[in-house]
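A.B. asks: Pasting target_19.txt below, which is compact mmCIF, C-alpha atoms.
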```
# COMPACT_ATOMS: atom_id res chain seq x y z
CA MET B 201 41.41 -23.75 12.52
CA PHE B 202 40.37 -27.24 13.48
CA ASP B 203 37.98 -28.81 10.99
CA ILE B 204 34.55 -29.27 12.59
CA LYS B 205 33.81 -31.98 10.00
CA LEU B 206 36.49 -34.17 11.56
CA ILE B 207 34.67 -33.98 14.89
CA ARG B 208 31.33 -34.76 13.27
CA ASP B 209 32.66 -37.69 11.24
CA ASP B 210 35.01 -39.37 13.74
CA ALA B 211 34.98 -37.92 17.24
CA ALA B 212 36.88 -40.93 18.61
CA ALA B 213 39.82 -40.38 16.22
CA VAL B 214 39.89 -36.70 17.17
CA ARG B 215 40.04 -37.55 20.88
CA GLU B 216 42.84 -40.03 20.22
CA GLY B 217 44.84 -37.54 18.16
CA LEU B 218 44.43 -34.76 20.71
CA ALA B 219 45.46 -37.10 23.52
CA LYS B 220 48.76 -37.62 21.69
CA LYS B 221 49.29 -33.86 22.06
CA ASN B 222 48.25 -34.00 25.72
CA PHE B 223 45.14 -31.98 24.95
CA SER B 224 41.54 -32.63 25.89
CA VAL B 225 38.35 -30.83 24.93
CA ASP B 226 34.63 -31.31 25.55
CA ILE B 227 33.77 -32.91 22.21
CA GLU B 228 30.16 -33.55 23.27
CA ALA B 229 29.57 -29.87 23.97
CA ILE B 230 30.93 -28.93 20.55
CA LEU B 231 28.79 -31.54 18.82
CA ALA B 232 25.69 -30.44 20.75
CA ASN B 233 26.19 -26.82 19.71
CA ASP B 234 26.92 -27.87 16.15
CA LYS B 235 23.78 -30.02 15.97
CA ARG B 236 21.61 -27.25 17.38
CA MET B 237 23.13 -24.70 15.00
CA ARG B 238 22.48 -26.88 11.96
CA GLU B 239 18.90 -27.46 13.09
CA LEU B 240 18.34 -23.72 13.42
CA MET B 241 20.05 -23.12 10.06
CA THR B 242 17.58 -25.55 8.47
CA ASP B 243 14.67 -23.73 10.13
CA LEU B 244 16.12 -20.41 8.96
CA ASP B 245 16.47 -21.63 5.38
CA ASP B 246 12.87 -22.86 5.41
CA LEU B 247 11.62 -19.54 6.73
CA ARG B 248 13.57 -17.61 4.11
CA SER B 249 12.02 -19.81 1.42
CA GLU B 250 8.58 -19.09 2.89
CA LYS B 251 9.36 -15.38 2.89
CA ASN B 252 10.39 -15.47 -0.76
CA ALA B 253 7.18 -17.32 -1.63
CA ALA B 254 5.15 -14.79 0.37
CA ASN B 255 6.84 -11.96 -1.53
CA ASP B 256 5.81 -13.59 -4.80
CA GLU B 257 2.22 -13.96 -3.56
CA ILE B 258 2.09 -10.31 -2.54
CA SER B 259 3.35 -9.26 -5.98
CA GLN B 260 0.75 -11.48 -7.64
CA ALA B 261 -2.03 -10.08 -5.43
CA ILE B 262 -1.07 -6.50 -6.31
CA ALA B 263 -0.94 -7.39 -10.00
CA ALA B 264 -4.40 -8.94 -9.74
CA LYS B 265 -5.62 -5.83 -7.86
CA GLU B 266 -6.42 -7.92 -4.78
CA ASP B 267 -5.96 -6.77 -1.21
CA PRO B 268 -2.33 -7.73 -0.27
CA LYS B 269 -2.68 -6.82 3.44
CA PRO B 270 -3.39 -10.39 4.71
CA LYS B 271 -0.37 -11.72 2.85
CA ILE B 272 1.79 -8.80 4.07
CA ALA B 273 0.72 -9.59 7.64
CA ALA B 274 1.62 -13.25 7.13
CA MET B 275 5.01 -12.27 5.72
CA LYS B 276 5.64 -10.03 8.73
CA VAL B 277 5.14 -13.02 11.02
CA ILE B 278 7.71 -14.94 8.99
CA SER B 279 10.12 -11.97 9.07
CA ASP B 280 9.79 -11.72 12.84
CA LYS B 281 10.64 -15.43 13.19
CA ILE B 282 13.72 -14.92 10.98
CA LYS B 283 14.84 -11.93 13.07
CA ALA B 284 14.47 -14.03 16.22
CA LEU B 285 16.45 -16.96 14.82
CA GLU B 286 19.35 -15.10 13.19
CA PRO B 287 21.01 -13.93 16.44
CA GLN B 288 20.59 -17.42 17.91
CA VAL B 289 22.42 -18.91 14.93
CA GLN B 290 25.12 -16.25 15.15
CA GLU B 291 25.58 -16.86 18.86
CA LEU B 292 25.98 -20.59 18.30
CA GLN B 293 28.43 -20.01 15.44
CA ASN B 294 30.51 -17.73 17.66
CA SER B 295 30.39 -20.26 20.49
CA ILE B 296 31.55 -23.09 18.22
CA LYS B 297 34.35 -20.93 16.83
CA GLU B 298 35.54 -20.11 20.35
CA GLN B 299 35.46 -23.80 21.23
CA ILE B 300 37.44 -25.03 18.23
CA ILE B 301 39.89 -22.16 17.72
CA GLY B 302 41.86 -23.35 20.73
CA ILE B 303 42.08 -26.97 19.53
CA PRO B 304 45.55 -27.89 18.20
CA ASN B 305 46.25 -29.64 14.92
CA LEU B 306 46.29 -33.43 15.02
CA PRO B 307 49.69 -35.16 14.69
CA HIS B 308 50.47 -37.03 11.49
CA ALA B 309 50.37 -40.83 11.70
CA SER B 310 54.17 -41.03 11.27
CA VAL B 311 54.85 -38.92 14.38
CA PRO B 312 56.09 -40.90 17.40
CA VAL B 313 53.77 -40.77 20.41
CA GLY B 314 55.03 -39.27 23.66
CA GLY B 315 56.88 -36.32 25.10
CA GLU B 316 60.32 -34.83 24.45
CA ASP B 317 62.00 -38.08 25.52
CA LYS B 318 60.38 -39.81 22.52
CA ASN B 319 61.91 -37.46 19.93
CA GLU B 320 63.84 -39.51 17.39
CA VAL B 321 67.26 -38.66 15.94
CA VAL B 322 66.78 -39.44 12.25
CA ARG B 323 70.27 -38.46 11.07
CA THR B 324 73.44 -36.62 12.01
CA TRP B 325 75.92 -34.69 9.91
CA GLY B 326 79.54 -34.08 10.82
CA GLU B 327 81.32 -34.91 14.05
CA PRO B 328 81.30 -32.70 17.14
CA VAL B 329 84.44 -30.56 17.20
CA THR B 330 87.15 -31.57 19.69
CA PHE B 331 90.06 -29.41 20.84
CA ASP B 332 93.40 -30.03 22.52
CA PHE B 333 92.55 -27.17 24.89
CA LYS B 334 89.60 -26.34 27.10
CA PRO B 335 87.10 -24.60 24.80
CA LYS B 336 85.42 -21.39 25.88
CA THR B 337 81.72 -20.67 25.78
CA HIS B 338 80.32 -18.10 23.37
CA ILE B 339 79.89 -15.70 26.29
CA GLU B 340 83.58 -15.86 27.18
CA LEU B 341 84.65 -15.55 23.54
CA ALA B 342 82.27 -12.69 22.71
CA GLU B 343 83.29 -10.65 25.72
CA ALA B 344 87.02 -11.27 25.26
CA LEU B 345 86.83 -10.37 21.54
CA ASP B 346 84.57 -7.38 22.29
CA ILE B 347 82.06 -8.40 19.60
CA ILE B 348 78.95 -8.70 21.81
CA ASP B 349 78.21 -6.48 24.79
CA PHE B 350 75.70 -8.23 27.04
CA LYS B 351 75.99 -5.72 29.88
CA ARG B 352 75.19 -2.68 27.77
CA ALA B 353 72.38 -4.57 26.03
CA ALA B 354 70.89 -5.16 29.48
CA LYS B 355 71.33 -1.48 30.31
CA ILE B 356 69.59 -0.42 27.10
CA SER B 357 66.72 -2.90 27.25
CA GLY B 358 67.02 -5.48 30.01
CA ALA B 359 68.02 -9.11 30.37
CA GLY B 360 67.67 -11.29 27.28
CA PHE B 361 68.88 -8.83 24.64
CA ILE B 362 72.00 -8.66 22.47
CA LEU B 363 74.22 -5.77 21.42
CA PHE B 364 76.49 -6.84 18.56
CA LYS B 365 79.64 -4.77 18.00
CA GLY B 366 82.26 -4.49 15.29
CA ALA B 367 83.05 -7.89 13.80
CA GLY B 368 80.14 -9.38 15.72
CA ALA B 369 77.67 -7.08 13.99
CA ARG B 370 79.35 -7.79 10.67
CA LEU B 371 79.12 -11.54 11.29
CA GLU B 372 75.39 -11.25 11.97
CA ARG B 373 74.86 -9.25 8.78
CA ALA B 374 77.03 -11.68 6.80
CA LEU B 375 74.98 -14.65 7.97
CA ILE B 376 71.70 -12.96 6.99
CA ASN B 377 72.94 -12.16 3.47
CA PHE B 378 74.54 -15.58 3.04
CA MET B 379 71.37 -17.43 4.02
CA LEU B 380 69.13 -15.31 1.82
CA ASP B 381 71.47 -15.81 -1.13
CA VAL B 382 71.52 -19.59 -0.67
CA HIS B 383 67.73 -19.86 -0.41
CA THR B 384 66.98 -17.55 -3.33
CA ARG B 385 69.76 -18.61 -5.71
CA GLU B 386 69.98 -22.32 -4.95
CA HIS B 387 66.60 -23.29 -3.51
CA GLY B 388 64.20 -21.19 -5.55
CA TYR B 389 62.63 -19.03 -2.85
CA THR B 390 61.36 -15.52 -3.51
CA GLU B 391 62.70 -13.01 -1.02
CA VAL B 392 60.24 -10.74 0.78
CA PHE B 393 60.77 -8.16 3.52
CA PRO B 394 57.55 -8.04 5.57
CA PRO B 395 56.33 -5.81 8.41
CA VAL B 396 57.30 -6.87 11.93
CA LEU B 397 54.10 -5.41 13.38
CA VAL B 398 50.99 -7.44 12.54
CA ASN B 399 47.33 -7.40 13.48
CA ALA B 400 45.45 -9.99 15.52
CA ASP B 401 43.96 -11.61 12.41
CA SER B 402 47.46 -12.43 11.18
CA MET B 403 48.50 -13.89 14.52
CA THR B 404 45.29 -15.92 14.66
CA GLY B 405 45.75 -17.15 11.09
CA THR B 406 49.03 -18.88 11.87
CA GLY B 407 47.96 -20.13 15.29
CA GLN B 408 49.85 -17.83 17.68
CA LEU B 409 46.55 -16.44 18.97
CA PRO B 410 44.74 -17.14 21.14
CA LYS B 411 46.77 -20.08 22.46
CA MET B 412 50.14 -18.35 22.92
CA ALA B 413 49.05 -14.80 23.73
CA GLU B 414 51.16 -14.64 26.89
CA ASP B 415 54.34 -15.23 24.89
CA MET B 416 53.67 -12.38 22.45
CA TYR B 417 54.54 -8.70 22.68
CA LYS B 418 51.36 -6.63 22.19
CA LEU B 419 51.39 -2.88 21.75
CA GLN B 420 49.45 -1.03 24.41
CA ASP B 421 47.93 1.78 22.36
CA ASP B 422 47.65 0.22 18.91
CA PRO B 423 46.12 -3.08 17.70
CA PHE B 424 49.45 -4.62 16.73
CA TYR B 425 51.76 -7.42 17.85
CA LEU B 426 55.50 -7.73 17.35
CA ILE B 427 56.08 -10.87 15.31
CA PRO B 428 57.56 -13.96 17.02
CA THR B 429 58.70 -15.20 13.59
CA ALA B 430 58.43 -14.14 9.95
CA GLU B 431 56.12 -17.12 9.51
CA VAL B 432 53.29 -14.85 10.67
CA PRO B 433 53.45 -12.01 8.12
CA VAL B 434 54.70 -14.19 5.27
CA THR B 435 51.97 -16.83 5.64
CA ASN B 436 49.39 -14.05 5.81
CA ILE B 437 50.51 -12.63 2.46
CA HIS B 438 47.85 -14.84 0.90
CA ARG B 439 45.21 -14.67 3.65
CA ASP B 440 41.69 -14.57 2.16
CA GLU B 441 43.05 -15.30 -1.32
CA VAL B 442 42.50 -18.03 -3.91
CA LEU B 443 45.76 -18.96 -5.60
CA LYS B 444 45.91 -20.52 -9.05
CA THR B 445 46.91 -24.17 -9.18
CA GLU B 446 49.61 -23.38 -11.71
CA GLU B 447 51.20 -20.93 -9.23
CA LEU B 448 51.88 -23.68 -6.71
CA PRO B 449 54.16 -24.38 -5.04
CA VAL B 450 54.91 -20.87 -3.76
CA TYR B 451 58.18 -20.46 -1.83
CA TYR B 452 59.04 -17.35 0.20
CA THR B 453 62.07 -16.51 2.31
CA ALA B 454 62.34 -13.53 4.61
CA TYR B 455 64.76 -12.01 7.07
CA THR B 456 63.23 -10.30 10.11
CA SER B 457 63.94 -9.62 13.70
CA CYS B 458 61.74 -11.78 15.94
CA PHE B 459 60.33 -10.95 19.36
CA ARG B 460 59.30 -13.39 22.09
CA ARG B 461 58.53 -12.79 25.73
CA GLU B 462 59.66 -16.30 26.70
CA ALA B 463 57.00 -16.07 29.41
CA GLY B 464 57.14 -19.74 30.32
CA SER B 465 60.92 -20.07 30.55
CA TYR B 466 61.83 -18.04 33.63
CA GLY B 467 65.28 -18.97 34.89
CA LYS B 468 66.24 -21.04 31.82
CA ASP B 469 69.39 -20.13 29.86
CA THR B 470 69.28 -16.56 31.11
CA ARG B 471 72.89 -15.77 30.21
CA GLY B 472 74.26 -15.40 26.70
CA MET B 473 72.38 -15.93 23.46
CA ILE B 474 70.49 -19.19 23.97
CA ARG B 475 67.16 -17.68 25.04
CA VAL B 476 66.64 -14.03 24.13
CA HIS B 477 63.68 -11.71 23.60
CA GLN B 478 64.84 -10.34 20.24
CA PHE B 479 66.77 -12.26 17.61
CA ASP B 480 67.29 -12.35 13.86
CA LYS B 481 66.02 -15.18 11.71
CA VAL B 482 65.75 -16.13 8.06
CA GLU B 483 62.44 -17.91 7.52
CA LEU B 484 61.20 -20.27 4.81
CA VAL B 485 57.47 -20.51 4.01
CA LYS B 486 55.71 -22.75 1.48
CA PHE B 487 52.20 -22.91 0.01
CA VAL B 488 51.69 -26.26 -1.70
CA GLU B 489 49.09 -28.72 -2.94
CA PRO B 490 48.03 -31.24 -0.27
CA GLU B 491 49.30 -34.33 -2.05
CA SER B 492 52.85 -32.97 -2.23
CA SER B 493 53.15 -31.42 1.23
CA TYR B 494 55.14 -34.20 2.89
CA ASP B 495 57.62 -34.35 0.01
CA GLU B 496 57.87 -30.58 0.37
CA LEU B 497 58.58 -30.98 4.09
CA GLU B 498 61.57 -33.20 3.34
CA LYS B 499 62.86 -30.61 0.85
CA LEU B 500 62.34 -27.84 3.41
CA VAL B 501 64.44 -29.68 5.99
CA ALA B 502 67.14 -30.27 3.37
CA ASN B 503 67.15 -26.54 2.52
CA ALA B 504 67.78 -25.66 6.17
CA GLU B 505 70.40 -28.39 6.56
CA LYS B 506 72.31 -26.99 3.58
CA ILE B 507 73.12 -23.87 5.59
CA PHE B 508 74.92 -25.88 8.25
CA GLN B 509 76.65 -28.07 5.72
CA LEU B 510 78.05 -25.00 3.97
CA LEU B 511 79.08 -23.53 7.31
CA LYS B 512 80.59 -26.93 8.21
CA LEU B 513 78.78 -27.03 11.53
CA PRO B 514 77.92 -30.49 12.91
CA TYR B 515 74.22 -31.05 13.54
CA ARG B 516 71.52 -33.63 14.02
CA VAL B 517 67.93 -33.82 12.79
CA LEU B 518 65.16 -34.84 15.20
CA LEU B 519 61.63 -35.99 14.40
CA LEU B 520 59.54 -34.51 17.18
CA ALA B 521 57.17 -36.68 19.17
CA SER B 522 53.49 -35.78 19.40
CA GLY B 523 53.74 -34.17 22.83
CA ASP B 524 56.59 -31.92 21.70
CA LEU B 525 54.84 -30.61 18.58
CA SER B 526 53.75 -27.00 18.35
CA PHE B 527 50.07 -26.06 18.49
CA ALA B 528 49.65 -25.83 14.70
CA ALA B 529 52.08 -28.50 13.46
CA ALA B 530 51.08 -31.94 12.19
CA LYS B 531 54.72 -33.01 11.84
CA CYS B 532 57.98 -31.26 12.65
CA PHE B 533 61.71 -31.85 12.32
CA ASP B 534 64.14 -29.91 14.52
CA ILE B 535 67.72 -29.27 13.49
CA GLU B 536 70.16 -28.99 16.38
CA ALA B 537 73.69 -27.67 15.90
CA HIS B 538 76.43 -28.83 18.23
CA ALA B 539 78.19 -26.12 20.25
CA ALA B 540 81.62 -27.28 21.41
CA GLY B 541 82.08 -24.76 24.23
CA MET B 542 78.96 -25.91 26.03
CA ASP B 543 79.23 -29.44 24.59
CA LYS B 544 75.52 -29.54 23.81
CA TYR B 545 73.15 -29.49 20.88
CA LEU B 546 71.12 -26.33 20.33
CA GLU B 547 67.87 -26.10 18.40
CA VAL B 548 68.56 -23.82 15.43
CA SER B 549 65.69 -24.70 13.10
CA SER B 550 62.19 -26.17 13.23
CA CYS B 551 60.60 -27.29 9.96
CA SER B 552 56.87 -28.00 10.13
CA ASN B 553 54.01 -29.15 7.97
CA PHE B 554 50.73 -27.61 9.15
CA GLU B 555 48.70 -29.36 6.43
CA ASP B 556 45.49 -27.28 5.99
CA PHE B 557 45.33 -26.12 9.64
CA GLN B 558 46.69 -22.60 9.06
CA ALA B 559 45.06 -22.33 5.64
CA ARG B 560 41.63 -22.93 7.19
CA ARG B 561 42.23 -20.25 9.83
CA ALA B 562 43.61 -17.78 7.27
CA ASN B 563 41.29 -18.82 4.40
CA ILE B 564 44.06 -19.57 1.89
CA ARG B 565 42.82 -21.67 -1.02
CA TYR B 566 43.71 -22.61 -4.58
CA LYS B 567 41.77 -23.47 -7.73
CA GLY B 568 42.41 -24.37 -11.34
CA GLY B 569 43.15 -27.32 -13.59
CA ASP B 570 41.72 -30.47 -12.06
CA VAL B 571 40.81 -28.53 -8.90
CA LYS B 572 37.38 -27.22 -9.83
CA LYS B 573 36.41 -25.52 -6.59
CA PRO B 574 38.51 -23.51 -4.12
CA THR B 575 40.47 -25.95 -1.95
CA LEU B 576 42.63 -25.30 1.10
CA VAL B 577 46.37 -25.29 0.44
CA HIS B 578 48.89 -26.88 2.78
CA THR B 579 51.33 -24.50 4.46
CA LEU B 580 54.82 -25.27 5.71
CA ASN B 581 57.50 -23.20 7.33
CA GLY B 582 60.98 -23.61 8.69
CA SER B 583 63.85 -21.58 10.10
CA GLY B 584 66.46 -21.13 7.48
CA VAL B 585 67.91 -20.43 10.11
CA ALA B 586 67.73 -18.70 13.53
CA LEU B 587 70.87 -16.64 13.87
CA ALA B 588 71.50 -16.25 17.59
CA ARG B 589 72.23 -19.92 18.20
CA CYS B 590 73.93 -20.24 14.82
CA VAL B 591 76.35 -17.52 15.96
CA VAL B 592 76.86 -19.46 19.20
CA ALA B 593 77.79 -22.58 17.21
CA ILE B 594 80.20 -20.64 14.97
CA LEU B 595 81.97 -18.95 17.88
CA GLU B 596 82.31 -22.13 19.91
CA ASN B 597 83.21 -24.51 17.06
CA TYR B 598 85.60 -22.21 15.21
CA GLN B 599 87.54 -20.93 18.24
CA THR B 600 91.31 -21.25 18.50
CA ALA B 601 93.60 -21.89 21.45
CA ASP B 602 94.49 -18.20 21.65
CA GLY B 603 90.85 -17.12 21.85
CA GLU B 604 90.33 -16.06 18.25
CA VAL B 605 87.51 -17.27 15.99
CA ILE B 606 88.08 -18.50 12.43
CA ILE B 607 85.51 -17.22 9.94
CA PRO B 608 83.83 -20.07 8.00
CA GLU B 609 85.04 -19.97 4.41
CA VAL B 610 81.59 -19.39 2.89
CA LEU B 611 81.16 -16.26 5.00
CA ARG B 612 84.46 -14.64 4.14
CA PRO B 613 83.22 -12.93 0.94
CA TYR B 614 80.46 -11.39 3.09
CA MET B 615 83.04 -10.28 5.68
CA GLY B 616 85.25 -8.38 3.25
CA GLY B 617 87.73 -11.23 3.08
CA MET B 618 88.20 -11.39 6.87
CA GLU B 619 89.59 -14.80 7.88
CA LYS B 620 89.35 -14.56 11.64
CA ILE B 621 88.03 -12.46 14.47
CA SER B 622 90.63 -11.32 16.93
CA ARG B 623 90.60 -8.73 19.71
CA ARG B 624 92.17 -6.31 17.23
CA GLY B 625 89.69 -7.28 14.45
```
Could you render the structure as structure tokens?

C.D. replies:
Amino acid sequence: MFDIKLIRDDAAAVREGLAKKNFSVDIEAILANDKRMRELMTDLDDLRSEKNAANDEISQAIAAKEDPKPKIAAMKVISDKIKALEPQVQELQNSIKEQIIGIPNLPHASVPVGGEDKNEVVRTWGEPVTFDFKPKTHIELAEALDIIDFKRAAKISGAGFILFKGAGARLERALINFMLDVHTREHGYTEVFPPVLVNADSMTGTGQLPKMAEDMYKLQDDPFYLIPTAEVPVTNIHRDEVLKTEELPVYYTAYTSCFRREAGSYGKDTRGMIRVHQFDKVELVKFVEPESSYDELEKLVANAEKIFQLLKLPYRVLLLASGDLSFAAAKCFDIEAHAAGMDKYLEVSSCSNFEDFQARRANIRYKGGDVKKPTLVHTLNGSGVALARCVVAILENYQTADGEVIIPEVLRPYMGGMEKISRRG
């Protein structure tokens, strides 16, 4: 949730920050509603004080055996005024909430201003793979090796779905277990296995609703949504809770399937595994103290990078510009793995700091030690990593001239010692 205090204190800075995200809102209308609501709240508080005083006077009159009826009549007038004001205050509160719930988080000062063309490559790792033969795409390799069946997936569900088979299914499972082991054993995350159906409060808490409703899968007969990422259920583990300062930072990792309608991407990357409606992902989520959140963001990116380093897949890290940031993010780094068959970089991880934006929406706070009153935590999340495009990078970078695929060494223990995928494998 956007902080109304920011609008009250520095409306100009809010307009400037929102402009960097290509977003505009009627600040004056919000401030007018806020001013009127606070005026009515003051009137309401005064009336409630008068009512309490009138109650005391009635009690005193009864104790003194005086006629309390005049004072009761006066109190009724006060009560009627309170009853008339309360719905007005509630209506204004609801109106303000509707106005600000659709306002995105402001970009951090270190974020470059502009659109996708202003994204900055901050570092690269490894060199793109070159071959002395014409490399195949993941689609050609998967179909020739009979490890992914796109046609039958389309028959079962429709376009944009994947049916892994044999060694392909085993590779997917190996990657999930490998990533979870790295993040729990080496990076200190606690593994959780959350529901993939969540309620609207959970989707609102992390910022998917109401802004991105059209991209979500909503059940028709039940009040649930299929999750677009494990960020949603995992962040909401601590919704409406006050954590202890000594518990922070809290690190969670989770494997889930993820579901996205991709409503705004008609016609883009419709073949293969680049843009699909269901995919597997290992997610990383952090709850941290505000003063450490940007150090924690750097660590989060490093945790995701480690996966590609162990897999020996070349990649680059991008700092996203303000216009390319997600609705809830204040700062985000994307990791893009290079796929040799297509000779292009593919986004395989986004690592974001939301500061207190999600925590305000989900009411996640902490207290203890020097923190005397409940204070909003900062939340972060990152893909650790998305598997569909990671599989693409493995298939295309580890292919051989005869159409086989070498299994990365770190995955071989998870593949029963298998060293390569062949048509017979």

A.B. asks: B:Ala529, B:Ile594, B:Leu371, B:Ala588: which is nearest Leu513 in chain B, counting only C-alpha atoms?

C.D. replies: B:Ile594

A.B. asks: Between B:Gly541, B:Pro270, B:Gly472, B:Gly617, which one has atoms that come closest to Ala353 in chain B, using all atoms listed in the file?

C.D. replies: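 Residue with the minimum atom-to-atom distance to Ala353 in chain B: B:Gly472.
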
A.B. asks: Would you pick out the contacts of range 412-420 of chain B at 10 Å or less, using all atoms listed in the file, so that residues sharing its chain but fewer than 3 positions from it are not included, and give the list as JSON, numbers by chain?

C.D. replies: {"B": [302, 397, 398, 399, 400, 403, 404, 407, 408, 409, 423, 424, 425, 426, 427, 428, 459, 460, 461, 462, 463, 464, 465, 477, 527]}

A.B. asks: With distances taken over only C-alpha atoms, which residue among B:Gly388, B:Gln288, B:Glu446, B:Leu306 lies nearest Phe557 in chain B?

C.D. replies: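 Of B:Gly388, B:Gln288, B:Glu446, B:Leu306, the one nearest Phe557 in chain B, counting only C-alpha atoms, is B:Leu306.
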
A.B. asks: Looking at all atoms listed in the file, which of B:Leu218, B:Leu206, B:Ala539, B:Val610 is the one that sits closest to His338 in chain B?

C.D. replies: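 Looking only at the distances to His338 in chain B, the closest residue turns out to be B:Ala539.
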
A.B. asks: Enumerate, as a CSV table (one decimal) with C-alpha atoms, in the coordinates of the input, the protein, DNA and RNA residues whose atoms approach (80.5, -32.8, 13.2) to within 7 Å, taking into account only C-alpha atoms and the coordinate frame of the file.

C.D. replies:
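The result, stored in result_30.csv:
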```
chain,number,residue,atom,x,y,z
B,325,TRP,CA,75.9,-34.7,9.9
B,326,GLY,CA,79.5,-34.1,10.8
B,327,GLU,CA,81.3,-34.9,14.0
B,328,PRO,CA,81.3,-32.7,17.1
B,329,VAL,CA,84.4,-30.6,17.2
B,513,LEU,CA,78.8,-27.0,11.5
B,514,PRO,CA,77.9,-30.5,12.9
B,515,TYR,CA,74.2,-31.0,13.5
```

A.B. asks: So the first atom is CA of Ala562 in chain B and the second is CA of Asp440 in chain B; what is the distance between them in Å, to one decimal place?

C.D. replies: 6.3 Å

A.B. asks: Generate the missing atoms of range 315-326 of chain B up to N, CA and C atoms and report them as an mmCIF file, in the coordinates of the input.

C.D. replies:
```cif
data_model
loop_
_atom_site.group_PDB
_atom_site.id
_atom_site.type_symbol
_atom_site.label_atom_id
_atom_site.label_comp_id
_atom_site.auth_asym_id
_atom_site.auth_seq_id
_atom_site.Cartn_x
_atom_site.Cartn_y
_atom_site.Cartn_z
ATOM 1 N N GLY B 315 56.325 -37.632 24.834
ATOM 2 C CA GLY B 315 56.880 -36.320 25.100
ATOM 3 C C GLY B 315 58.262 -36.158 24.483
ATOM 4 N N GLU B 316 59.000 -35.165 24.987
ATOM 5 C CA GLU B 316 60.320 -34.830 24.450
ATOM 6 C C GLU B 316 61.266 -36.030 24.448
ATOM 7 N N ASP B 317 61.107 -36.912 25.432
ATOM 8 C CA ASP B 317 62.000 -38.080 25.520
ATOM 9 C C ASP B 317 61.771 -39.082 24.401
ATOM 10 N N LYS B 318 60.678 -38.916 23.644
ATOM 11 C CA LYS B 318 60.380 -39.810 22.520
ATOM 12 C C LYS B 318 60.792 -39.219 21.178
ATOM 13 N N ASN B 319 61.389 -38.021 21.183
ATOM 14 C CA ASN B 319 61.910 -37.460 19.930
ATOM 15 C C ASN B 319 62.960 -38.404 19.352
ATOM 16 N N GLU B 320 62.944 -38.561 18.040
ATOM 17 C CA GLU B 320 63.840 -39.510 17.390
ATOM 18 C C GLU B 320 64.913 -38.793 16.573
ATOM 19 N N VAL B 321 66.170 -39.162 16.773
ATOM 20 C CA VAL B 321 67.260 -38.660 15.940
ATOM 21 C C VAL B 321 67.223 -39.433 14.625
ATOM 22 N N VAL B 322 66.911 -38.752 13.540
ATOM 23 C CA VAL B 322 66.780 -39.440 12.250
ATOM 24 C C VAL B 322 68.081 -39.428 11.456
ATOM 25 N N ARG B 323 68.953 -38.458 11.714
ATOM 26 C CA ARG B 323 70.270 -38.460 11.070
ATOM 27 C C ARG B 323 71.162 -37.418 11.736
ATOM 28 N N THR B 324 72.446 -37.596 11.543
ATOM 29 C CA THR B 324 73.440 -36.620 12.010
ATOM 30 C C THR B 324 74.344 -36.262 10.838
ATOM 31 N N TRP B 325 74.972 -35.123 10.954
ATOM 32 C CA TRP B 325 75.920 -34.690 9.910
ATOM 33 C C TRP B 325 77.132 -34.090 10.606
ATOM 34 N N GLY B 326 78.310 -34.574 10.224
ATOM 35 C CA GLY B 326 79.540 -34.080 10.820
ATOM 36 C C GLY B 326 79.766 -34.653 12.214
#
```
